[in-house]
Structure formats: structure tokens, C-alpha cells
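Structure file structure04.cif (mmCIF, C-alpha atoms, pLDDT in the B column; chains and numbers go by the auth columns) is printed below.
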data_final
loop_
_atom_site.group_PDB
_atom_site.id
_atom_site.type_symbol
_atom_site.label_atom_id
_atom_site.label_comp_id
_atom_site.label_asym_id
_atom_site.label_seq_id
_atom_site.Cartn_x
_atom_site.Cartn_y
_atom_site.Cartn_z
_atom_site.B_iso_or_equiv
_atom_site.auth_seq_id
_atom_site.auth_asym_id
ATOM 1 C CA MET A 1 12.846 27.588 -0.473 42.00 1 O
ATOM 2 C CA HIS A 2 12.440 30.814 -2.330 45.00 2 O
ATOM 3 C CA GLY A 3 10.062 30.746 -5.247 44.00 3 O
ATOM 4 C CA HIS A 4 8.894 27.112 -5.062 47.00 4 O
ATOM 5 C CA SER A 5 6.937 24.892 -2.789 51.00 5 O
ATOM 6 C CA ASP A 6 8.658 21.780 -1.447 57.00 6 O
ATOM 7 C CA ASN A 7 5.977 19.194 -0.716 61.00 7 O
ATOM 8 C CA ARG A 8 8.333 16.435 0.391 72.00 8 O
ATOM 9 C CA LEU A 9 7.358 14.668 3.582 86.00 9 O
ATOM 10 C CA THR A 10 9.315 13.951 6.704 91.00 10 O
ATOM 11 C CA PRO A 11 10.477 10.324 6.884 93.00 11 O
ATOM 12 C CA LEU A 12 7.947 9.593 9.638 95.00 12 O
ATOM 13 C CA GLY A 13 5.179 11.234 7.603 94.00 13 O
ATOM 14 C CA ALA A 14 6.130 9.134 4.576 95.00 14 O
ATOM 15 C CA VAL A 15 6.106 5.940 6.665 97.00 15 O
ATOM 16 C CA ALA A 16 2.729 6.717 8.264 97.00 16 O
ATOM 17 C CA ARG A 17 1.104 7.662 4.963 97.00 17 O
ATOM 18 C CA GLY A 18 2.699 4.656 3.264 98.00 18 O
ATOM 19 C CA LEU A 19 1.261 2.331 5.904 98.00 19 O
ATOM 20 C CA VAL A 20 -2.263 3.647 5.312 98.00 20 O
ATOM 21 C CA ALA A 21 -1.752 3.757 1.530 98.00 21 O
ATOM 22 C CA GLY A 22 -0.568 0.135 1.559 98.00 22 O
ATOM 23 C CA ALA A 23 -3.766 -0.845 3.364 98.00 23 O
ATOM 24 C CA ALA A 24 -5.806 0.997 0.719 98.00 24 O
ATOM 25 C CA GLY A 25 -3.869 -0.739 -2.065 98.00 25 O
ATOM 26 C CA THR A 26 -4.377 -4.122 -0.408 98.00 26 O
ATOM 27 C CA LEU A 27 -8.108 -3.476 -0.126 98.00 27 O
ATOM 28 C CA ALA A 28 -8.273 -2.454 -3.813 98.00 28 O
ATOM 29 C CA MET A 29 -6.472 -5.645 -4.852 98.00 29 O
ATOM 30 C CA ASP A 30 -8.674 -7.787 -2.626 98.00 30 O
ATOM 31 C CA ALA A 31 -11.819 -6.166 -4.045 98.00 31 O
ATOM 32 C CA LEU A 32 -10.691 -7.264 -7.513 98.00 32 O
ATOM 33 C CA TRP A 33 -9.904 -10.809 -6.333 97.00 33 O
ATOM 34 C CA PHE A 34 -13.290 -10.945 -4.578 98.00 34 O
ATOM 35 C CA ALA A 35 -15.130 -9.770 -7.717 98.00 35 O
ATOM 36 C CA ARG A 36 -13.398 -12.530 -9.673 97.00 36 O
ATOM 37 C CA TYR A 37 -14.314 -15.059 -6.966 96.00 37 O
ATOM 38 C CA LYS A 38 -17.987 -14.019 -7.162 97.00 38 O
ATOM 39 C CA ARG A 39 -17.985 -14.141 -10.997 97.00 39 O
ATOM 40 C CA ALA A 40 -16.618 -17.699 -10.751 97.00 40 O
ATOM 41 C CA GLY A 41 -19.606 -18.670 -8.562 97.00 41 O
ATOM 42 C CA GLY A 42 -18.244 -18.003 -5.063 95.00 42 O
ATOM 43 C CA ASP A 43 -20.977 -17.679 -2.460 94.00 43 O
ATOM 44 C CA SER A 44 -19.211 -16.160 0.572 95.00 44 O
ATOM 45 C CA GLY A 45 -19.769 -12.556 1.534 96.00 45 O
ATOM 46 C CA PHE A 46 -16.831 -10.157 1.375 97.00 46 O
ATOM 47 C CA ALA A 47 -16.023 -10.199 5.117 96.00 47 O
ATOM 48 C CA ALA A 48 -16.030 -14.006 5.343 95.00 48 O
ATOM 49 C CA TRP A 49 -13.970 -14.273 2.152 96.00 49 O
ATOM 50 C CA GLU A 50 -11.523 -11.544 3.203 96.00 50 O
ATOM 51 C CA LEU A 51 -10.980 -13.054 6.650 95.00 51 O
ATOM 52 C CA SER A 52 -10.482 -16.592 5.248 94.00 52 O
ATOM 53 C CA SER A 53 -13.290 -17.743 7.519 93.00 53 O
ATOM 54 C CA GLY A 54 -13.430 -21.318 6.246 91.00 54 O
ATOM 55 C CA LEU A 55 -9.679 -21.921 6.452 93.00 55 O
ATOM 56 C CA ARG A 56 -8.998 -24.621 9.058 93.00 56 O
ATOM 57 C CA ALA A 57 -5.905 -26.491 7.813 94.00 57 O
ATOM 58 C CA TRP A 58 -2.389 -25.534 6.776 95.00 58 O
ATOM 59 C CA GLU A 59 -2.633 -27.843 3.749 94.00 59 O
ATOM 60 C CA ASP A 60 -5.408 -25.639 2.324 91.00 60 O
ATOM 61 C CA ALA A 61 -3.748 -22.346 3.245 94.00 61 O
ATOM 62 C CA PRO A 62 -2.575 -19.898 0.564 94.00 62 O
ATOM 63 C CA ALA A 63 0.968 -18.539 0.265 93.00 63 O
ATOM 64 C CA PRO A 64 0.608 -15.676 2.803 94.00 64 O
ATOM 65 C CA ALA A 65 -0.407 -18.156 5.518 95.00 65 O
ATOM 66 C CA GLN A 66 2.445 -20.483 4.618 94.00 66 O
ATOM 67 C CA VAL A 67 4.999 -17.648 4.731 95.00 67 O
ATOM 68 C CA GLY A 68 3.626 -16.411 8.053 95.00 68 O
ATOM 69 C CA LYS A 69 3.634 -19.934 9.486 95.00 69 O
ATOM 70 C CA ARG A 70 7.292 -20.421 8.549 94.00 70 O
ATOM 71 C CA LEU A 71 8.286 -17.033 9.947 94.00 71 O
ATOM 72 C CA LEU A 72 6.430 -17.452 13.235 94.00 72 O
ATOM 73 C CA GLU A 73 7.447 -21.075 13.777 94.00 73 O
ATOM 74 C CA GLY A 74 11.059 -20.235 12.945 94.00 74 O
ATOM 75 C CA LEU A 75 11.095 -17.201 15.202 94.00 75 O
ATOM 76 C CA PHE A 76 9.377 -18.777 18.201 95.00 76 O
ATOM 77 C CA ALA A 77 10.405 -22.434 17.660 95.00 77 O
ATOM 78 C CA ARG A 78 6.790 -23.524 18.246 95.00 78 O
ATOM 79 C CA GLU A 79 4.401 -25.288 15.905 96.00 79 O
ATOM 80 C CA LEU A 80 1.266 -23.308 15.078 95.00 80 O
ATOM 81 C CA PRO A 81 -2.034 -25.196 15.320 96.00 81 O
ATOM 82 C CA PRO A 82 -4.187 -25.511 12.181 95.00 82 O
ATOM 83 C CA GLU A 83 -6.930 -23.308 13.670 94.00 83 O
ATOM 84 C CA ARG A 84 -4.485 -20.362 13.402 95.00 84 O
ATOM 85 C CA ALA A 85 -4.213 -20.655 9.605 96.00 85 O
ATOM 86 C CA ALA A 86 -6.854 -17.987 8.844 96.00 86 O
ATOM 87 C CA LEU A 87 -5.411 -15.519 11.360 96.00 87 O
ATOM 88 C CA VAL A 88 -1.859 -16.028 10.109 96.00 88 O
ATOM 89 C CA ASN A 89 -3.045 -15.692 6.497 96.00 89 O
ATOM 90 C CA ASN A 90 -4.742 -12.358 7.249 96.00 90 O
ATOM 91 C CA LEU A 91 -1.892 -10.936 9.318 96.00 91 O
ATOM 92 C CA THR A 92 0.706 -11.885 6.716 96.00 92 O
ATOM 93 C CA HIS A 93 -1.337 -10.700 3.729 97.00 93 O
ATOM 94 C CA TRP A 94 -2.265 -7.350 5.259 97.00 94 O
ATOM 95 C CA GLY A 95 1.112 -6.922 6.936 97.00 95 O
ATOM 96 C CA PHE A 96 2.939 -7.477 3.659 97.00 96 O
ATOM 97 C CA GLY A 97 0.614 -5.094 1.814 98.00 97 O
ATOM 98 C CA MET A 98 1.035 -2.378 4.424 98.00 98 O
ATOM 99 C CA LEU A 99 4.813 -2.819 4.680 98.00 99 O
ATOM 100 C CA GLY A 100 4.988 -2.595 0.886 97.00 100 O
ATOM 101 C CA GLY A 101 3.128 0.689 1.223 98.00 101 O
ATOM 102 C CA VAL A 102 5.743 1.874 3.740 98.00 102 O
ATOM 103 C CA GLN A 103 8.497 1.109 1.232 97.00 103 O
ATOM 104 C CA TYR A 104 6.573 2.937 -1.465 98.00 104 O
ATOM 105 C CA GLY A 105 5.956 5.860 0.905 97.00 105 O
ATOM 106 C CA VAL A 106 9.615 6.250 1.810 96.00 106 O
ATOM 107 C CA VAL A 107 10.608 6.431 -1.864 95.00 107 O
ATOM 108 C CA ALA A 108 7.646 8.461 -3.137 95.00 108 O
ATOM 109 C CA GLY A 109 7.719 10.742 -0.087 92.00 109 O
ATOM 110 C CA SER A 110 11.222 11.846 -1.008 91.00 110 O
ATOM 111 C CA LEU A 111 10.001 13.093 -4.387 89.00 111 O
ATOM 112 C CA ARG A 112 8.776 16.610 -4.979 85.00 112 O
ATOM 113 C CA SER A 113 5.523 15.407 -6.540 86.00 113 O
ATOM 114 C CA PRO A 114 4.804 11.662 -6.470 89.00 114 O
ATOM 115 C CA ARG A 115 2.607 10.544 -9.361 94.00 115 O
ATOM 116 C CA ILE A 116 -0.113 7.918 -9.256 96.00 116 O
ATOM 117 C CA ARG A 117 1.429 6.230 -12.300 97.00 117 O
ATOM 118 C CA TYR A 118 4.464 5.342 -10.152 97.00 118 O
ATOM 119 C CA GLY A 119 2.207 2.664 -8.686 97.00 119 O
ATOM 120 C CA LEU A 120 2.486 0.639 -11.908 98.00 120 O
ATOM 121 C CA PRO A 121 6.203 -0.232 -11.630 97.00 121 O
ATOM 122 C CA PHE A 122 5.762 -0.601 -7.872 98.00 122 O
ATOM 123 C CA GLY A 123 2.908 -3.128 -8.284 98.00 123 O
ATOM 124 C CA ALA A 124 4.798 -4.951 -11.049 98.00 124 O
ATOM 125 C CA GLY A 125 7.856 -5.154 -8.786 97.00 125 O
ATOM 126 C CA VAL A 126 5.814 -6.622 -5.919 97.00 126 O
ATOM 127 C CA TRP A 127 4.334 -9.170 -8.335 97.00 127 O
ATOM 128 C CA ALA A 128 7.734 -10.111 -9.795 96.00 128 O
ATOM 129 C CA SER A 129 9.374 -10.413 -6.376 95.00 129 O
ATOM 130 C CA GLY A 130 6.691 -12.919 -5.368 94.00 130 O
ATOM 131 C CA TYR A 131 7.587 -15.106 -8.331 95.00 131 O
ATOM 132 C CA ALA A 132 11.262 -14.928 -7.336 94.00 132 O
ATOM 133 C CA ILE A 133 10.895 -15.503 -3.582 93.00 133 O
ATOM 134 C CA LEU A 134 7.953 -17.904 -3.313 92.00 134 O
ATOM 135 C CA PRO A 135 9.354 -20.572 -5.676 94.00 135 O
ATOM 136 C CA ALA A 136 12.662 -20.431 -3.781 93.00 136 O
ATOM 137 C CA ALA A 137 10.645 -21.062 -0.605 90.00 137 O
ATOM 138 C CA LYS A 138 8.900 -23.997 -2.358 89.00 138 O
ATOM 139 C CA LEU A 139 5.509 -22.272 -1.988 89.00 139 O
ATOM 140 C CA TYR A 140 5.036 -21.519 -5.708 91.00 140 O
ATOM 141 C CA LYS A 141 6.117 -23.331 -8.827 93.00 141 O
ATOM 142 C CA PRO A 142 8.651 -21.513 -11.035 94.00 142 O
ATOM 143 C CA ILE A 143 7.013 -18.697 -12.999 95.00 143 O
ATOM 144 C CA TRP A 144 7.337 -20.586 -16.292 96.00 144 O
ATOM 145 C CA ASP A 145 5.102 -23.373 -14.918 96.00 145 O
ATOM 146 C CA TYR A 146 2.093 -21.016 -14.753 96.00 146 O
ATOM 147 C CA ASP A 147 -0.140 -20.299 -17.740 97.00 147 O
ATOM 148 C CA ARG A 148 -0.459 -16.786 -19.154 97.00 148 O
ATOM 149 C CA THR A 149 -4.008 -16.334 -17.855 97.00 149 O
ATOM 150 C CA THR A 150 -2.984 -17.070 -14.257 96.00 150 O
ATOM 151 C CA LEU A 151 0.017 -14.763 -14.501 97.00 151 O
ATOM 152 C CA ALA A 152 -2.042 -11.999 -16.131 98.00 152 O
ATOM 153 C CA LYS A 153 -4.720 -12.178 -13.420 97.00 153 O
ATOM 154 C CA ASP A 154 -2.087 -12.060 -10.699 97.00 154 O
ATOM 155 C CA LEU A 155 -0.168 -9.228 -12.399 98.00 155 O
ATOM 156 C CA SER A 156 -3.340 -7.157 -12.939 98.00 156 O
ATOM 157 C CA ALA A 157 -4.266 -7.541 -9.262 98.00 157 O
ATOM 158 C CA HIS A 158 -0.790 -6.399 -8.211 98.00 158 O
ATOM 159 C CA LEU A 159 -0.893 -3.463 -10.645 98.00 159 O
ATOM 160 C CA LEU A 160 -4.164 -2.428 -8.989 98.00 160 O
ATOM 161 C CA TYR A 161 -2.446 -2.782 -5.591 98.00 161 O
ATOM 162 C CA GLY A 162 0.319 -0.480 -6.834 98.00 162 O
ATOM 163 C CA ILE A 163 -2.056 2.100 -8.315 98.00 163 O
ATOM 164 C CA GLY A 164 -4.295 1.973 -5.233 98.00 164 O
ATOM 165 C CA THR A 165 -1.296 2.454 -2.952 98.00 165 O
ATOM 166 C CA ALA A 166 0.076 5.306 -5.066 98.00 166 O
ATOM 167 C CA ALA A 167 -3.316 7.046 -5.330 98.00 167 O
ATOM 168 C CA ALA A 168 -3.936 6.789 -1.601 98.00 168 O
ATOM 169 C CA PHE A 169 -0.413 8.008 -0.854 97.00 169 O
ATOM 170 C CA ARG A 170 -0.829 11.006 -3.136 95.00 170 O
ATOM 171 C CA LEU A 171 -4.202 11.838 -1.582 95.00 171 O
ATOM 172 C CA LEU A 172 -2.804 11.515 1.949 95.00 172 O
ATOM 173 C CA SER A 173 0.243 13.611 1.055 90.00 173 O
ATOM 174 C CA ARG A 174 -1.566 16.649 -0.296 83.00 174 O
ATOM 175 C CA LYS A 175 -0.989 19.843 1.599 66.00 175 O
ATOM 176 C CA ARG A 176 -4.094 21.413 3.074 48.00 176 O
ATOM 177 C CA GLY A 177 -5.451 24.082 0.775 42.00 177 O
ATOM 178 C CA SER A 178 -3.384 22.979 -2.231 43.00 178 O
ATOM 179 C CA ARG A 179 -4.840 21.921 -5.540 43.00 179 O
ATOM 180 C CA GLY A 180 -3.968 19.130 -7.976 40.00 180 O
#
Represent the structure contained in this file as C-alpha cells.
Amino acid sequence: MHGHSDNRLTPLGAVARGLVAGAAGTLAMDALWFARYKRAGGDSGFAAWELSSGLRAWEDAPAPAQVGKRLLEGLFARELPPERAALVNNLTHWGFGMLGGVQYGVVAGSLRSPRIRYGLPFGAGVWASGYAILPAAKLYKPIWDYDRTTLAKDLSAHLLYGIGTAAAFRLLSRKRGSRG
């Protein structure tokens, strides 16, 4: 280590920072979705919207809840009651966002100087994987069945997730006393 500074993290440090960065990226994405909801005339406050407060039935539940329901019911061989839909939606959504941040952290933490722009391909990859996995699980239609506006809104939200995750990871990974 003569003559240069090696800022790479330990694997545990990369995982821990990735977990927090994934939460920050998820919050950034949700803030964008919430702003769009409000612009479209939504009347819930952020906390009620974020926590899916009105969700009471599996039929009305979004993809994260459906994925979580399948995973939990498959794992524990027990049917989940409809009043658990909001909780399962939140746990799956936030869990997936934070675990994505862990994956990002492990890769970016092995680099000498992770860049915020690396969040763009990361966010695009998360978006694309959803359109590969969720139709196979019969939770989404095939990607070609969605209009460009829907896909663009979803992609932009996931790009923000990626950038938010990457920015938070970079901020959390700075050495004390270093610049830039």
C-alpha cells in the first residue's frame, strides 16, 4: 500500500453500508412514487401511503405483497389472512430494496472508488429483472403488454432507486477526514 490509498471496504462493511444505502434508495424511489400519487389527486399522507394503510385484501395487493405472500405461504405451508397484506407488502418491498443495496454494496465495495453513476445500470438491472421474474410468476403481464409511459415511469423510479442507493453508499463509505 505504498503511495496510494486503498479505500475498499471489508465484506461486512460493504454489506452493512449496502443495507443502509438500499433503504435510502428505496425511500428515494418511494418519494418519487408518492409525488406522482399526489399529483394524480391522491389524498393520503406519506406515512399512510408508504405503509399501505388501506390495504385489506390480497386481491388489491401490489406485486411486493403477492411475492411475499407466495414466499411465506410456501415456506410455512400456512395461508396468510387478508389483514396481513399491508404488512407483507411493506416487508417485501423494503426487504427487497435493502437486499438489493447489499448486492450493490458487495460489488461497489470491492472497487477502489465507487461512483454514483454506477447506480444507473444497477437501477436499470433491478427494473429489468422485475419484468423478467414477475411475468414468469404470473404477477405482471409480459413487458411488451405495457405502454411506454408506464414502463418509463417505472424505469425512472428504479433509476432513482439505483442513484439513491449508490449516492448513499458512497457517502457511507467515505473515510473520515477524506475529501471528494
For this file, the PyMOL selection byres ((chain O and resi 147-163) around 6) selects which residues, as a VMD selection string? chain O and resid 25 to 26 29 119 to 120 122 to 124 127 146 164 to 167
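Atom CA of O:Trp33 is found 19.8 Å from atom CA of O:Val67.
A search radius of 7 Å centred on (3.5, -0.4, 0.4), applied to all atoms listed in the file, returns the residues O:Gly18, O:Leu19, O:Ala21, O:Gly22, O:Gly97, O:Met98, O:Leu99, O:Gly100, O:Gly101, O:Val102, O:Gln103, O:Tyr104, O:Gly105, O:Thr165.
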Between atom CA of O:Val20 and atom CA of O:Ser44, distance in Å (one decimal): 26.5 Å
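With all atoms listed in the file as the basis for measurement, O:Pro64 is the residue among O:Pro64, O:Leu71, O:Asp145, O:Glu83 that approaches O:Gly130 most closely.
What separates atom CA of O:Ile116 from atom CA of O:Ser173 is a distance of 11.8 Å.
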List the residues matched by the PyMOL selection byres ((chain O and resi 85) around 12) in the displayed structure as a compact mmCIF listing (two decimals) with C-alpha atoms, in the frame of the given file, ordered by chain and then by residue number.
# COMPACT_ATOMS: atom_id res chain seq x y z
CA LEU O 51 -10.98 -13.05 6.65
CA SER O 52 -10.48 -16.59 5.25
CA SER O 53 -13.29 -17.74 7.52
CA GLY O 54 -13.43 -21.32 6.25
CA LEU O 55 -9.68 -21.92 6.45
CA ARG O 56 -9.00 -24.62 9.06
CA ALA O 57 -5.90 -26.49 7.81
CA TRP O 58 -2.39 -25.53 6.78
CA GLU O 59 -2.63 -27.84 3.75
CA ASP O 60 -5.41 -25.64 2.32
CA ALA O 61 -3.75 -22.35 3.24
CA PRO O 62 -2.58 -19.90 0.56
CA ALA O 63 0.97 -18.54 0.26
CA PRO O 64 0.61 -15.68 2.80
CA ALA O 65 -0.41 -18.16 5.52
CA GLN O 66 2.44 -20.48 4.62
CA VAL O 67 5.00 -17.65 4.73
CA GLY O 68 3.63 -16.41 8.05
CA LYS O 69 3.63 -19.93 9.49
CA ARG O 70 7.29 -20.42 8.55
CA LEU O 72 6.43 -17.45 13.24
CA GLU O 79 4.40 -25.29 15.90
CA LEU O 80 1.27 -23.31 15.08
CA PRO O 81 -2.03 -25.20 15.32
CA PRO O 82 -4.19 -25.51 12.18
CA GLU O 83 -6.93 -23.31 13.67
CA ARG O 84 -4.49 -20.36 13.40
CA ALA O 86 -6.85 -17.99 8.84
CA LEU O 87 -5.41 -15.52 11.36
CA VAL O 88 -1.86 -16.03 10.11
CA ASN O 89 -3.04 -15.69 6.50
CA ASN O 90 -4.74 -12.36 7.25
CA LEU O 91 -1.89 -10.94 9.32
CA THR O 92 0.71 -11.88 6.72
CA HIS O 93 -1.34 -10.70 3.73
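Selecting by distance to (7.3, 15.6, -4.0) with a limit of 9 Å and using only C-alpha atoms, one obtains Asp6, Asn7, Arg8, Leu9, Ala108, Gly109, Ser110, Leu111, Arg112, Ser113, Pro114, Arg115 and Ser173 of chain O.
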Stretch 42-61 of chain O: axis-aligned bounding box, 4 Å on each side, centre and edge lengths in Å, one decimal, as JSON:
{"center_x": -11.7, "center_y": -19.0, "center_z": 2.0, "size_x": 26.6, "size_y": 25.7, "size_z": 22.1}
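Nearest residue to O:Ala14, choosing from O:Val107, O:Gly95, O:Arg117, O:Ala136 and counting all atoms listed in the file: O:Val107.
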Model the absent atoms of stretch 19-30 of chain O so that all heavy atoms are present, and write the result as a PDB file, in the frame of the given file.
ATOM      1  N   LEU O  19       1.955   3.409   5.201  1.00 98.00           N
ATOM      2  CA  LEU O  19       1.261   2.331   5.904  1.00 98.00           C
ATOM      3  C   LEU O  19      -0.235   2.342   5.565  1.00 98.00           C
ATOM      4  O   LEU O  19      -0.818   1.304   5.211  1.00 98.00           O
ATOM      5  CB  LEU O  19       1.473   2.503   7.413  1.00 98.00           C
ATOM      6  CG  LEU O  19       1.274   1.319   8.331  1.00 98.00           C
ATOM      7  CD1 LEU O  19       2.258   0.212   8.007  1.00 98.00           C
ATOM      8  CD2 LEU O  19       1.458   1.769   9.778  1.00 98.00           C
ATOM      9  N   VAL O  20      -0.839   3.510   5.633  1.00 98.00           N
ATOM     10  CA  VAL O  20      -2.263   3.647   5.312  1.00 98.00           C
ATOM     11  C   VAL O  20      -2.495   3.409   3.819  1.00 98.00           C
ATOM     12  O   VAL O  20      -3.448   2.725   3.428  1.00 98.00           O
ATOM     13  CB  VAL O  20      -2.792   5.034   5.747  1.00 98.00           C
ATOM     14  CG1 VAL O  20      -4.229   5.243   5.290  1.00 98.00           C
ATOM     15  CG2 VAL O  20      -2.681   5.186   7.265  1.00 98.00           C
ATOM     16  N   ALA O  21      -1.618   3.945   2.978  1.00 98.00           N
ATOM     17  CA  ALA O  21      -1.752   3.757   1.530  1.00 98.00           C
ATOM     18  C   ALA O  21      -1.622   2.283   1.158  1.00 98.00           C
ATOM     19  O   ALA O  21      -2.348   1.789   0.291  1.00 98.00           O
ATOM     20  CB  ALA O  21      -0.705   4.594   0.796  1.00 98.00           C
ATOM     21  N   GLY O  22      -0.714   1.565   1.817  1.00 98.00           N
ATOM     22  CA  GLY O  22      -0.568   0.135   1.559  1.00 98.00           C
ATOM     23  C   GLY O  22      -1.827  -0.633   1.926  1.00 98.00           C
ATOM     24  O   GLY O  22      -2.208  -1.591   1.241  1.00 98.00           O
ATOM     25  N   ALA O  23      -2.495  -0.216   2.997  1.00 98.00           N
ATOM     26  CA  ALA O  23      -3.766  -0.845   3.364  1.00 98.00           C
ATOM     27  C   ALA O  23      -4.816  -0.571   2.288  1.00 98.00           C
ATOM     28  O   ALA O  23      -5.567  -1.465   1.900  1.00 98.00           O
ATOM     29  CB  ALA O  23      -4.246  -0.342   4.725  1.00 98.00           C
ATOM     30  N   ALA O  24      -4.851   0.651   1.778  1.00 98.00           N
ATOM     31  CA  ALA O  24      -5.806   0.997   0.719  1.00 98.00           C
ATOM     32  C   ALA O  24      -5.516   0.197  -0.548  1.00 98.00           C
ATOM     33  O   ALA O  24      -6.435  -0.311  -1.205  1.00 98.00           O
ATOM     34  CB  ALA O  24      -5.759   2.497   0.424  1.00 98.00           C
ATOM     35  N   GLY O  25      -4.241   0.050  -0.897  1.00 98.00           N
ATOM     36  CA  GLY O  25      -3.869  -0.739  -2.065  1.00 98.00           C
ATOM     37  C   GLY O  25      -4.233  -2.204  -1.897  1.00 98.00           C
ATOM     38  O   GLY O  25      -4.713  -2.853  -2.838  1.00 98.00           O
ATOM     39  N   THR O  26      -4.022  -2.731  -0.690  1.00 98.00           N
ATOM     40  CA  THR O  26      -4.377  -4.122  -0.408  1.00 98.00           C
ATOM     41  C   THR O  26      -5.876  -4.323  -0.534  1.00 98.00           C
ATOM     42  O   THR O  26      -6.342  -5.311  -1.121  1.00 98.00           O
ATOM     43  CB  THR O  26      -3.877  -4.520   1.001  1.00 98.00           C
ATOM     44  OG1 THR O  26      -2.460  -4.339   1.055  1.00 98.00           O
ATOM     45  CG2 THR O  26      -4.224  -5.966   1.325  1.00 98.00           C
ATOM     46  N   LEU O  27      -6.654  -3.390  -0.020  1.00 98.00           N
ATOM     47  CA  LEU O  27      -8.108  -3.476  -0.126  1.00 98.00           C
ATOM     48  C   LEU O  27      -8.552  -3.413  -1.592  1.00 98.00           C
ATOM     49  O   LEU O  27      -9.439  -4.162  -2.003  1.00 98.00           O
ATOM     50  CB  LEU O  27      -8.772  -2.367   0.694  1.00 98.00           C
ATOM     51  CG  LEU O  27     -10.297  -2.399   0.732  1.00 98.00           C
ATOM     52  CD1 LEU O  27     -10.809  -3.709   1.336  1.00 98.00           C
ATOM     53  CD2 LEU O  27     -10.814  -1.207   1.535  1.00 98.00           C
ATOM     54  N   ALA O  28      -7.931  -2.548  -2.385  1.00 98.00           N
ATOM     55  CA  ALA O  28      -8.273  -2.454  -3.813  1.00 98.00           C
ATOM     56  C   ALA O  28      -7.992  -3.785  -4.513  1.00 98.00           C
ATOM     57  O   ALA O  28      -8.830  -4.292  -5.277  1.00 98.00           O
ATOM     58  CB  ALA O  28      -7.485  -1.319  -4.474  1.00 98.00           C
ATOM     59  N   MET O  29      -6.829  -4.369  -4.246  1.00 98.00           N
ATOM     60  CA  MET O  29      -6.472  -5.645  -4.852  1.00 98.00           C
ATOM     61  C   MET O  29      -7.448  -6.734  -4.415  1.00 98.00           C
ATOM     62  O   MET O  29      -7.917  -7.532  -5.231  1.00 98.00           O
ATOM     63  CB  MET O  29      -5.037  -6.032  -4.476  1.00 98.00           C
ATOM     64  CG  MET O  29      -4.604  -7.364  -5.063  1.00 98.00           C
ATOM     65  SD  MET O  29      -2.881  -7.775  -4.760  1.00 98.00           S
ATOM     66  CE  MET O  29      -2.933  -8.172  -3.029  1.00 98.00           C
ATOM     67  N   ASP O  30      -7.756  -6.768  -3.133  1.00 98.00           N
ATOM     68  CA  ASP O  30      -8.674  -7.787  -2.626  1.00 98.00           C
ATOM     69  C   ASP O  30     -10.072  -7.626  -3.203  1.00 98.00           C
ATOM     70  O   ASP O  30     -10.766  -8.617  -3.447  1.00 98.00           O
ATOM     71  CB  ASP O  30      -8.714  -7.763  -1.098  1.00 98.00           C
ATOM     72  CG  ASP O  30      -7.442  -8.316  -0.476  1.00 98.00           C
ATOM     73  OD1 ASP O  30      -6.526  -8.721  -1.223  1.00 98.00           O
ATOM     74  OD2 ASP O  30      -7.368  -8.349   0.762  1.00 98.00           O
TER      75      ASP O  30
END
